[in-house]
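start00.csv (CSV, C-alpha atoms) appears below.
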```
chain,number,residue,atom,x,y,z
A,121,MET,CA,-19.7,-12.5,27.0
A,122,PHE,CA,-19.7,-13.1,23.3
A,123,GLN,CA,-22.6,-10.7,22.8
A,124,LYS,CA,-20.7,-8.0,24.8
A,125,PHE,CA,-17.6,-8.6,22.6
A,126,THR,CA,-19.7,-8.4,19.4
A,127,LYS,CA,-21.4,-5.2,20.7
A,128,ILE,CA,-17.9,-3.6,21.4
A,129,ILE,CA,-16.8,-4.5,17.8
A,130,GLU,CA,-20.0,-3.1,16.4
A,131,ILE,CA,-19.7,0.2,18.3
A,132,ASN,CA,-16.1,0.6,17.4
A,133,SER,CA,-16.8,-0.3,13.7
A,134,ARG,CA,-19.4,2.5,13.6
A,135,SER,CA,-17.3,5.1,15.4
A,136,LYS,CA,-15.9,8.2,13.8
A,137,PHE,CA,-12.5,6.7,14.3
A,138,ALA,CA,-13.1,3.5,12.4
A,139,GLN,CA,-12.0,4.8,9.0
A,140,PRO,CA,-8.8,6.5,10.3
A,141,VAL,CA,-7.9,3.3,12.2
A,142,LEU,CA,-8.4,1.3,9.0
A,143,SER,CA,-6.3,3.8,7.1
A,144,LEU,CA,-3.5,3.6,9.7
A,145,ILE,CA,-3.5,-0.2,9.8
A,146,ALA,CA,-3.6,-0.5,6.0
A,147,LEU,CA,-0.7,1.9,5.7
A,148,CYS,CA,1.4,0.3,8.4
A,149,GLU,CA,0.7,-3.3,7.2
A,150,SER,CA,2.1,-2.5,3.8
A,151,ILE,CA,5.4,-1.4,5.4
A,152,PHE,CA,6.0,-3.4,8.6
A,153,PHE,CA,2.8,-4.3,10.6
A,154,PRO,CA,2.1,-8.0,10.8
A,155,ILE,CA,-1.8,-7.8,11.0
A,156,PRO,CA,-3.6,-7.6,7.7
A,157,PRO,CA,-6.2,-4.8,7.2
A,158,ASP,CA,-8.8,-7.4,6.6
A,159,THR,CA,-9.2,-7.8,10.4
A,160,VAL,CA,-10.5,-4.2,10.6
A,161,LEU,CA,-12.0,-4.0,7.1
A,162,ILE,CA,-14.5,-6.9,7.6
A,163,PRO,CA,-16.2,-5.7,10.7
A,164,ILE,CA,-16.4,-2.1,9.4
A,165,ILE,CA,-18.2,-3.3,6.3
A,166,TYR,CA,-20.3,-5.8,8.2
A,167,PHE,CA,-21.7,-3.1,10.5
A,168,ASN,CA,-21.7,-0.3,7.9
A,169,LYS,CA,-22.8,-2.0,4.7
A,170,GLU,CA,-23.9,1.4,3.2
A,171,LYS,CA,-20.3,2.6,3.4
A,172,TYR,CA,-18.7,-0.4,1.9
A,173,LEU,CA,-17.3,1.3,-1.2
A,174,LEU,CA,-15.8,4.2,0.8
A,175,THR,CA,-14.3,1.6,3.2
A,176,ILE,CA,-12.8,-0.4,0.3
A,177,ILE,CA,-11.3,2.7,-1.4
A,178,ASN,CA,-9.9,3.9,1.9
A,179,CYS,CA,-8.3,0.6,2.6
A,180,THR,CA,-6.9,0.3,-0.9
A,181,LEU,CA,-5.6,3.8,-1.0
A,182,PHE,CA,-3.7,3.6,2.3
A,183,SER,CA,-2.4,0.1,1.6
A,184,VAL,CA,-0.9,1.3,-1.7
A,185,VAL,CA,0.5,4.4,-0.1
A,186,GLY,CA,2.2,2.1,2.4
A,187,GLY,CA,3.4,-0.1,-0.4
A,188,ILE,CA,4.9,3.0,-2.1
A,189,ALA,CA,6.7,3.8,1.2
A,190,GLY,CA,8.0,0.2,1.3
A,191,TYR,CA,9.1,0.4,-2.3
A,192,PHE,CA,11.2,3.5,-1.5
A,193,LEU,CA,12.6,1.8,1.6
A,194,GLY,CA,13.7,-1.1,-0.6
A,195,PHE,CA,15.0,1.3,-3.2
A,196,PHE,CA,17.2,3.2,-0.8
A,197,ILE,CA,18.3,0.1,1.1
A,198,PHE,CA,19.9,-1.2,-2.1
A,199,ASP,CA,21.8,2.0,-2.5
A,200,LEU,CA,23.0,1.8,1.1
A,201,VAL,CA,24.1,-1.8,1.0
A,202,LYS,CA,25.4,-2.3,-2.5
A,203,GLU,CA,28.9,-1.2,-1.4
A,204,TYR,CA,29.0,-4.1,1.1
A,205,ILE,CA,27.6,-6.9,-0.9
A,206,ASP,CA,28.5,-8.7,-4.1
A,207,VAL,CA,25.9,-7.3,-6.5
A,208,SER,CA,27.0,-9.7,-9.3
A,209,LYS,CA,25.7,-12.6,-7.2
A,210,GLN,CA,22.3,-10.9,-7.1
A,211,SER,CA,22.2,-10.0,-10.8
A,212,ASN,CA,20.3,-13.2,-11.6
A,213,PHE,CA,17.7,-12.5,-9.0
A,214,LEU,CA,17.3,-8.8,-10.0
A,215,LYS,CA,17.0,-9.9,-13.7
A,216,PHE,CA,14.4,-12.6,-12.8
A,217,TYR,CA,12.4,-10.2,-10.6
A,218,ASN,CA,12.3,-7.5,-13.3
A,219,GLU,CA,11.1,-10.0,-15.9
A,220,TRP,CA,8.5,-11.7,-13.6
A,221,GLY,CA,7.8,-8.8,-11.2
A,222,ILE,CA,4.4,-8.2,-12.8
A,223,ILE,CA,3.3,-11.6,-11.5
A,224,ALA,CA,5.0,-11.1,-8.1
A,225,VAL,CA,3.4,-7.7,-7.5
A,226,PHE,CA,0.0,-8.8,-8.5
A,227,LEU,CA,0.1,-12.0,-6.5
A,228,GLY,CA,1.7,-10.3,-3.5
A,229,GLY,CA,-1.0,-7.6,-3.5
A,230,PHE,CA,-3.8,-10.2,-3.7
A,231,THR,CA,-2.7,-13.3,-1.9
A,232,PRO,CA,-1.7,-13.8,1.7
A,233,ILE,CA,1.9,-13.4,0.7
A,234,PRO,CA,2.9,-10.3,2.7
A,235,TYR,CA,2.6,-7.3,0.5
A,236,LYS,CA,5.3,-5.5,2.4
A,237,ILE,CA,7.8,-8.1,1.2
A,238,ILE,CA,6.8,-7.5,-2.4
A,239,ALA,CA,6.9,-3.7,-2.0
A,240,LEU,CA,10.5,-3.8,-0.5
A,241,THR,CA,11.7,-6.3,-3.1
A,242,SER,CA,10.2,-4.2,-5.9
A,243,GLY,CA,12.1,-1.2,-4.7
A,244,TYR,CA,15.3,-3.1,-4.0
A,245,SER,CA,15.3,-4.6,-7.5
A,246,LYS,CA,14.3,-1.2,-9.0
A,247,PHE,CA,11.2,-2.6,-10.6
A,248,ASN,CA,9.3,-0.1,-12.7
A,249,PHE,CA,7.7,2.2,-10.2
A,250,LEU,CA,4.6,3.2,-12.2
A,251,LEU,CA,3.9,-0.5,-13.0
A,252,PHE,CA,4.3,-1.3,-9.3
A,253,VAL,CA,1.7,1.4,-8.4
A,254,ILE,CA,-0.8,0.3,-11.1
A,255,LEU,CA,-0.5,-3.4,-10.2
A,256,SER,CA,-0.7,-2.6,-6.5
A,257,ILE,CA,-3.9,-0.6,-7.0
A,258,LEU,CA,-5.4,-3.4,-9.1
A,259,SER,CA,-4.5,-6.2,-6.9
A,260,ARG,CA,-5.1,-4.6,-3.5
A,261,GLY,CA,-8.3,-3.0,-4.8
A,262,LEU,CA,-9.6,-6.3,-6.2
A,263,ARG,CA,-8.7,-8.1,-3.0
A,264,PHE,CA,-10.5,-5.6,-0.8
A,265,PHE,CA,-13.4,-5.3,-3.2
A,266,ILE,CA,-14.0,-9.1,-3.2
A,267,ILE,CA,-13.9,-9.2,0.6
A,268,GLY,CA,-16.1,-6.2,1.0
A,269,PHE,CA,-18.6,-7.3,-1.6
A,270,ILE,CA,-19.0,-10.7,-0.1
A,271,ILE,CA,-19.4,-9.3,3.4
A,272,LYS,CA,-21.9,-6.6,2.2
A,273,LYS,CA,-24.0,-9.0,0.1
A,274,TYR,CA,-24.0,-12.1,2.3
A,275,GLY,CA,-23.2,-10.9,5.9
A,276,ASP,CA,-22.6,-13.9,8.2
A,277,PHE,CA,-22.8,-16.3,5.3
A,278,GLY,CA,-20.2,-14.2,3.5
A,279,ILE,CA,-17.8,-14.5,6.5
A,280,ASN,CA,-18.2,-18.3,6.2
A,281,ILE,CA,-17.6,-18.1,2.4
A,282,LEU,CA,-14.4,-16.3,3.0
A,283,LYS,CA,-13.2,-18.7,5.7
A,284,LYS,CA,-14.0,-21.8,3.7
A,285,ASN,CA,-12.8,-20.6,0.3
A,286,LYS,CA,-9.6,-18.8,1.0
A,287,LEU,CA,-7.6,-20.9,-1.4
A,288,LEU,CA,-10.1,-20.3,-4.2
A,289,ILE,CA,-10.5,-16.6,-3.6
A,290,PHE,CA,-6.9,-15.6,-2.8
A,291,PHE,CA,-4.9,-18.0,-5.0
A,292,LEU,CA,-6.9,-19.3,-7.9
A,293,ILE,CA,-8.6,-16.0,-8.8
A,294,PRO,CA,-5.3,-14.1,-9.1
A,295,LEU,CA,-3.8,-16.9,-11.1
A,296,LEU,CA,-6.8,-16.9,-13.4
A,297,VAL,CA,-6.5,-13.1,-13.8
A,298,ILE,CA,-2.7,-13.3,-14.5
A,299,SER,CA,-3.3,-16.1,-17.0
A,300,LEU,CA,-5.9,-14.0,-18.8
A,301,ILE,CA,-3.6,-11.0,-18.9
A,302,TYR,CA,-0.8,-13.2,-20.3
A,303,LEU,CA,-3.1,-14.6,-23.0
A,304,VAL,CA,-4.2,-11.1,-24.0
A,305,ILE,CA,-0.7,-9.8,-24.1
A,306,SER,CA,0.8,-12.7,-25.9
A,307,HIS,CA,-1.9,-12.6,-28.6
A,308,ALA,CA,-1.7,-8.8,-29.1
```
Write-out of the structure in C-alpha cells:
Amino acid sequence: MFQKFTKIIEINSRSKFAQPVLSLIALCESIFFPIPPDTVLIPIIYFNKEKYLLTIINCTLFSVVGGIAGYFLGFFIFDLVKEYIDVSKQSNFLKFYNEWGIIAVFLGGFTPIPYKIIALTSGYSKFNFLLFVILSILSRGLRFFIIGFIIKKYGDFGINILKKNKLLIFFLIPLLVISLIYLVISHA
C-alpha cells in the first residue's frame, strides 16, 4: 500500500500540472489556505531534482504574490473598519509594528508563523509596501531554497534533516540573519 501511495505521489509530482498546483497552493496559502506549500514543494523537488531551481522560483513568486494580495486586503480592511474602532488604542501597536516590522516580515516569511498573518498585518499597519515585498522575496525565497537544496542534495536523508532540525533551520537561521543585518546597519 505504501509503495502505491509513493508511486501516486511520484506520478503527480512529475505531471504537467505539478507546477501550476504548486503555484496555486503557494498563492492561496499566503492569503487564506492553511496548508503550507512545502507539502507540495518537497515531493516535486524530490522527484524532479533537475527542476529544483524552477520549482523554488515558482513557489517563491506565487507565495509573494499571495502575500501582496494579503497586504492589500489588510490595507483596505483598515480603511473599512477605522470608522468603527478606536484607532487611538491601536496607535501603539501600529507604531511598534512599523518600527519592528522588518523583523516581523522576515521571520513571518521564513518561520512556521503563518505568512498570511504577517501580510495582512503589514497592510493593516500600512507598513512600507516596497520593504514588505523585498523582505518577502528574501525570506520566502531563502526558506524555499533551503528546503529545496536539502531535498535535492540529500534526498531521503534530507527529508530526515528537515524533520529533525526544524527549530535550527526555521528559527535560528532567520534570527542569525536578522542579527547580522542589524549589526551591519548599526555599524554603517
Self-check item: Pairwise distance for atom CA of Leu174 of chain A and atom CA of Ile237 of chain A, rounded to one decimal in Å
Solution: 26.6 Å
Quiz item: For Asn218 of chain A, which residue among A:Leu181, A:Ile155, A:Ala189, A:Leu251 is the nearest when counting all atoms listed in the file?
Solution: A:Leu251
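The smallest atom-to-atom distance between Asn280 of chain A and any of A:Lys215, A:Pro156, A:Val304, A:Ile267, using only C-alpha atoms, is found for A:Ile267.
Reported to one decimal place, the separation of atom CA of Lys246 of chain A from atom CA of Pro232 of chain A is 23.0 Å.
Considering all atoms listed in the file, the residue among A:Ser245, A:Ser143, A:Asn132, A:Asn168 positioned nearest to Ile271 of chain A is A:Asn168.
The smallest atom-to-atom distance between Ile151 of chain A and any of A:Lys236, A:His307, A:Lys272, A:Lys169, using only C-alpha atoms, is found for A:Lys236.
For the choices A:Ile301, A:Leu142, A:Leu240, A:Ile270, the atom-to-atom distance to Thr159 of chain A is smallest for A:Leu142 when using all atoms listed in the file.
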Practice problem: Find the residues around Pro154 of chain A up to 10 Å (all atoms listed in the file counted), leave out those fewer than 3 positions away in its own chain, and share them as a count of residues only. | Solution: 8
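The interatomic distance for the pair atom CA of Ser133 of chain A and atom CA of Phe152 of chain A works out to 23.6 Å.
Of the listed residues (A:Ser256, A:Thr231, A:Asn178, A:Ser183), A:Thr231 comes nearest to Pro294 of chain A; the distances count only C-alpha atoms.
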Quiz item: Excluding same-chain residues fewer than 4 positions from Ile162 of chain A, what lies within 7 Å of it counting only C-alpha atoms, as a PyMOL selection string?
Solution: chain A and resi 158+166+268+271
Quiz item: Contacts of Asn248 of chain A at 12 Å or less, counting all atoms listed in the file, minus same-chain residues fewer than 2 places along, as a PyMOL selection string?
Solution: chain A and resi 188+191-192+195+217-222+225+239+241-246+250-255
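For Leu292 of chain A, the list of residues within 12 Å, based on only C-alpha atoms and with local chain neighbours fewer than 5 positions off taken out, reads Leu227, Phe230, Thr231, Asn285, Lys286, Leu287, Val297, Ile298 and Ser299 of chain A.
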